[in-house]
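One structure below.
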Amino acid sequence: MLHGERVRLRAIERTDLARCVRWFNDPDVVRHLTIYAPLSMAQEERWFERLQDDESRHLFAIETEDAEHIGNLGLEDLNWKDRSAQLGIAIGHKGHWGHGYGTDAVRTVLRFAFEELNLHRVWLTVHDDNPRAIRCYEKCGFRREGLDREARYSDGAYHDSFRMGILDYEFKHTQD
């Protein structure tokens with residue numbers, strides 16, 4: 001288990017799947033995720049089974065100090081040669097949006113990425129119409145690295161996406 005100031009990151013368990021399906025079928029929760037079609041319990045169970053043998057990712061459940069599961073995050077597309085990974089996060093419990101749990105979870109997984117996995121770079125993609133996430137990532141030390149113009153279609157319009165990244169020594173500097 002990884003401990004932040006306000007959250008704990010633990011392995012995702014089979015008992016979490018029904019909650020995740022509920023979250024990932026909520027249009028507000030998936031608005032900025034790659035999920036766009038309804039998700040069944042069978043699909044989530046197949047994903048969970050594949051996850052058990054997948055060494056290209058480290059996925060975690062996000063828990064509050066009271067052990068309430070409020071979301072998931074992970075490092076995916078782990079590239080051991082280049083020492084990089086892609087970060088993804090979803091706070092599924094909407095009652096916990098805007099309370100700093102996401103920021104603490106991101107900082108906690110970055111500490112794990114740079115100090116335990118010895119990664120050099122963590123990157124992500126964020127949509128231009130998600131200012132709360134952009135603020136979170138910038139508070140954690142991410143920098144905008146690029147723009148994918150009109151990369152996502154949502155709500156009847158195309159939206160830009162930003163590529164953001166943070167390097168190990170940049171993260172260390174934010175911790176001093």
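We name chains A, B, ... following the order of the structure tokens; residues begin at 1 in each chain, and ligands are numbered from 1 as shown.
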
Hey, what does DSSP flag as strand (DSSP E) within chain A? Can you give it to me as a ChimeraX atom specification? /A:2-3,7-10,58-64,69-79,84-91,121-127,143-154,157-167

If we count only C-alpha atoms, what is near Cys136 (chain A) at a cut-off of 10 Å, once residues fewer than 6 positions away on the same chain are taken out, given as a compact mmCIF listing (two decimals) with C-alpha atoms, in the first residue's frame?
```
# COMPACT_ATOMS: atom_id res chain seq x y z
CA GLY A 98 -12.45 19.19 -5.90
CA GLY A 100 -7.53 17.49 -3.24
CA TYR A 101 -7.73 13.69 -3.35
CA GLY A 102 -6.67 13.55 -7.00
CA THR A 103 -3.69 15.83 -6.42
CA ASP A 104 -2.53 13.76 -3.45
CA VAL A 106 -0.99 11.86 -8.35
CA ARG A 107 1.84 13.02 -6.07
CA PHE A 142 3.70 18.56 -14.91
```

Set the distance at 12 Å and use only C-alpha atoms: which residues neighbour Val109 (chain A) once local chain neighbours fewer than 2 positions away are removed? I'd like the list as a PyMOL selection string. chain A and resi 1-4+7-10+58-62+72-76+85-89+102-107+111-117+119+122+140+171

Expected file contents, prior selection, N, CA and C atoms, as a tab-separated table (two decimals), in the first residue's frame:
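Saved to result20.tsv:
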```tsv
chain	number	residue	atom	x	y	z
A	1	MET	N	0.84	-1.17	0.00
A	1	MET	CA	0.00	0.00	0.00
A	1	MET	C	0.89	1.24	0.00
A	2	LEU	N	0.52	2.22	-0.81
A	2	LEU	CA	1.25	3.48	-0.87
A	2	LEU	C	0.45	4.54	-0.12
A	3	HIS	N	1.13	5.31	0.72
A	3	HIS	CA	0.44	6.29	1.55
A	3	HIS	C	0.78	7.71	1.11
A	4	GLY	N	-0.26	8.50	0.87
A	4	GLY	CA	-0.11	9.92	0.63
A	4	GLY	C	-0.50	10.66	1.89
A	7	VAL	N	-4.63	10.16	0.99
A	7	VAL	CA	-5.11	8.94	0.34
A	7	VAL	C	-4.14	7.80	0.56
A	8	ARG	N	-4.66	6.61	0.30
A	8	ARG	CA	-3.85	5.39	0.23
A	8	ARG	C	-4.10	4.78	-1.14
A	9	LEU	N	-3.06	4.25	-1.73
A	9	LEU	CA	-3.18	3.55	-3.01
A	9	LEU	C	-2.94	2.07	-2.74
A	10	ARG	N	-3.89	1.26	-3.18
A	10	ARG	CA	-3.79	-0.18	-2.96
A	10	ARG	C	-4.15	-0.90	-4.26
A	58	HIS	N	0.93	-0.56	-13.65
A	58	HIS	CA	0.70	-0.66	-12.21
A	58	HIS	C	-0.56	0.16	-11.94
A	59	LEU	N	-1.66	-0.52	-11.59
A	59	LEU	CA	-2.93	0.15	-11.35
A	59	LEU	C	-3.28	0.06	-9.87
A	60	PHE	N	-3.92	1.13	-9.38
A	60	PHE	CA	-4.23	1.23	-7.96
A	60	PHE	C	-5.65	1.74	-7.74
A	61	ALA	N	-6.25	1.28	-6.65
A	61	ALA	CA	-7.48	1.88	-6.14
A	61	ALA	C	-7.06	3.05	-5.24
A	62	ILE	N	-7.81	4.14	-5.31
A	62	ILE	CA	-7.56	5.30	-4.45
A	62	ILE	C	-8.55	5.22	-3.29
A	72	ASN	N	-9.60	5.35	-9.16
A	72	ASN	CA	-8.48	4.50	-9.58
A	72	ASN	C	-7.44	5.36	-10.28
A	73	LEU	N	-6.21	4.93	-10.26
A	73	LEU	CA	-5.18	5.56	-11.08
A	73	LEU	C	-4.12	4.54	-11.38
A	74	GLY	N	-3.29	4.88	-12.35
A	74	GLY	CA	-2.26	3.93	-12.70
A	74	GLY	C	-1.19	4.49	-13.61
A	75	LEU	N	-0.14	3.72	-13.68
A	75	LEU	CA	0.95	3.96	-14.61
A	75	LEU	C	0.83	2.88	-15.67
A	76	GLU	N	0.66	3.28	-16.91
A	76	GLU	CA	0.48	2.33	-18.00
A	76	GLU	C	1.54	2.56	-19.07
A	85	ALA	N	6.41	6.16	-18.38
A	85	ALA	CA	5.07	5.57	-18.25
A	85	ALA	C	4.03	6.67	-18.43
A	86	GLN	N	2.84	6.24	-18.81
A	86	GLN	CA	1.71	7.15	-18.94
A	86	GLN	C	0.85	7.08	-17.68
A	87	LEU	N	0.43	8.23	-17.19
A	87	LEU	CA	-0.41	8.32	-16.00
A	87	LEU	C	-1.87	8.48	-16.41
A	88	GLY	N	-2.74	7.78	-15.72
A	88	GLY	CA	-4.18	7.95	-15.88
A	88	GLY	C	-4.84	7.93	-14.52
A	89	ILE	N	-5.89	8.75	-14.36
A	89	ILE	CA	-6.59	8.81	-13.08
A	89	ILE	C	-8.07	9.08	-13.30
A	102	GLY	N	-7.37	13.86	-5.75
A	102	GLY	CA	-6.67	13.55	-7.00
A	102	GLY	C	-5.24	14.05	-6.98
A	103	THR	N	-5.04	15.27	-6.50
A	103	THR	CA	-3.69	15.83	-6.42
A	103	THR	C	-2.80	14.98	-5.52
A	104	ASP	N	-3.31	14.58	-4.37
A	104	ASP	CA	-2.53	13.76	-3.45
A	104	ASP	C	-2.24	12.39	-4.07
A	105	ALA	N	-3.23	11.81	-4.76
A	105	ALA	CA	-3.02	10.52	-5.40
A	105	ALA	C	-1.95	10.61	-6.49
A	106	VAL	N	-1.99	11.68	-7.29
A	106	VAL	CA	-0.99	11.86	-8.35
A	106	VAL	C	0.40	12.02	-7.74
A	107	ARG	N	0.53	12.85	-6.72
A	107	ARG	CA	1.84	13.02	-6.07
A	107	ARG	C	2.35	11.69	-5.49
A	111	ARG	N	5.75	9.71	-6.68
A	111	ARG	CA	6.82	9.32	-5.75
A	111	ARG	C	7.18	7.85	-5.97
A	112	PHE	N	6.17	7.01	-6.13
A	112	PHE	CA	6.39	5.59	-6.41
A	112	PHE	C	7.12	5.42	-7.76
A	113	ALA	N	6.67	6.14	-8.77
A	113	ALA	CA	7.26	6.02	-10.11
A	113	ALA	C	8.74	6.39	-10.12
A	114	PHE	N	9.07	7.49	-9.47
A	114	PHE	CA	10.44	7.99	-9.54
A	114	PHE	C	11.36	7.37	-8.48
A	115	GLU	N	10.85	7.11	-7.30
A	115	GLU	CA	11.71	6.61	-6.22
A	115	GLU	C	11.77	5.09	-6.15
A	116	GLU	N	10.69	4.41	-6.52
A	116	GLU	CA	10.67	2.94	-6.42
A	116	GLU	C	10.90	2.26	-7.78
A	117	LEU	N	10.24	2.76	-8.82
A	117	LEU	CA	10.40	2.15	-10.13
A	117	LEU	C	11.58	2.71	-10.90
A	119	LEU	N	11.75	5.43	-12.65
A	119	LEU	CA	11.39	5.99	-13.95
A	119	LEU	C	12.04	7.37	-14.10
A	122	VAL	N	7.21	10.67	-16.63
A	122	VAL	CA	5.81	10.27	-16.59
A	122	VAL	C	5.05	11.31	-17.42
A	140	CYS	N	1.23	19.42	-9.43
A	140	CYS	CA	2.12	18.28	-9.19
A	140	CYS	C	3.44	18.41	-9.94
A	171	PHE	N	10.34	16.45	-10.48
A	171	PHE	CA	9.53	16.04	-9.34
A	171	PHE	C	10.30	16.18	-8.05
```

**Prompt:** A:Glu63, A:Ser56, A:Cys20, A:Arg121: which is nearest Ser84 (chain A), counting only C-alpha atoms?
**Reply:**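 The closest residue to Ser84 (chain A) is A:Arg121.
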
With distances taken over only C-alpha atoms, the candidate from A:Trp80, A:Phe48, A:Tyr158, A:Phe24 nearest His127 (chain A) is A:Tyr158

Smallest atom-to-atom distance to Asn118 (chain A): which of A:Arg57, A:Arg83, A:Arg149, A:His159, using only C-alpha atoms?
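Using only C-alpha atoms, the shortest distance to Asn118 (chain A) belongs to A:Arg83.
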
Practice task
Mind the document's chain letters and residue numbers, and return as a ChimeraX atom specification the residues of region 7-61 of chain A that DSSP labels helix (DSSP H, G or I).
Solution key: /A:14-23,27-30,41-51

message: I need the residue nearest Ile12 (chain A) from this list: A:Thr174, A:Asn25, A:Ser154, A:Gln52. Use only C-alpha atoms for the distance.
response: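 Closest residue, counting only C-alpha atoms: A:Gln52.
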
Min atom-atom distance to His32 (chain A) from the set A:Asp77, A:Glu44, A:Asp128, A:Asp54, counting only C-alpha atoms, belongs to A:Asp128

Arg163 (chain A) proximity check over A:His120, A:Arg14, A:Arg143, A:Lys81, using only C-alpha atoms: winner is A:Arg143
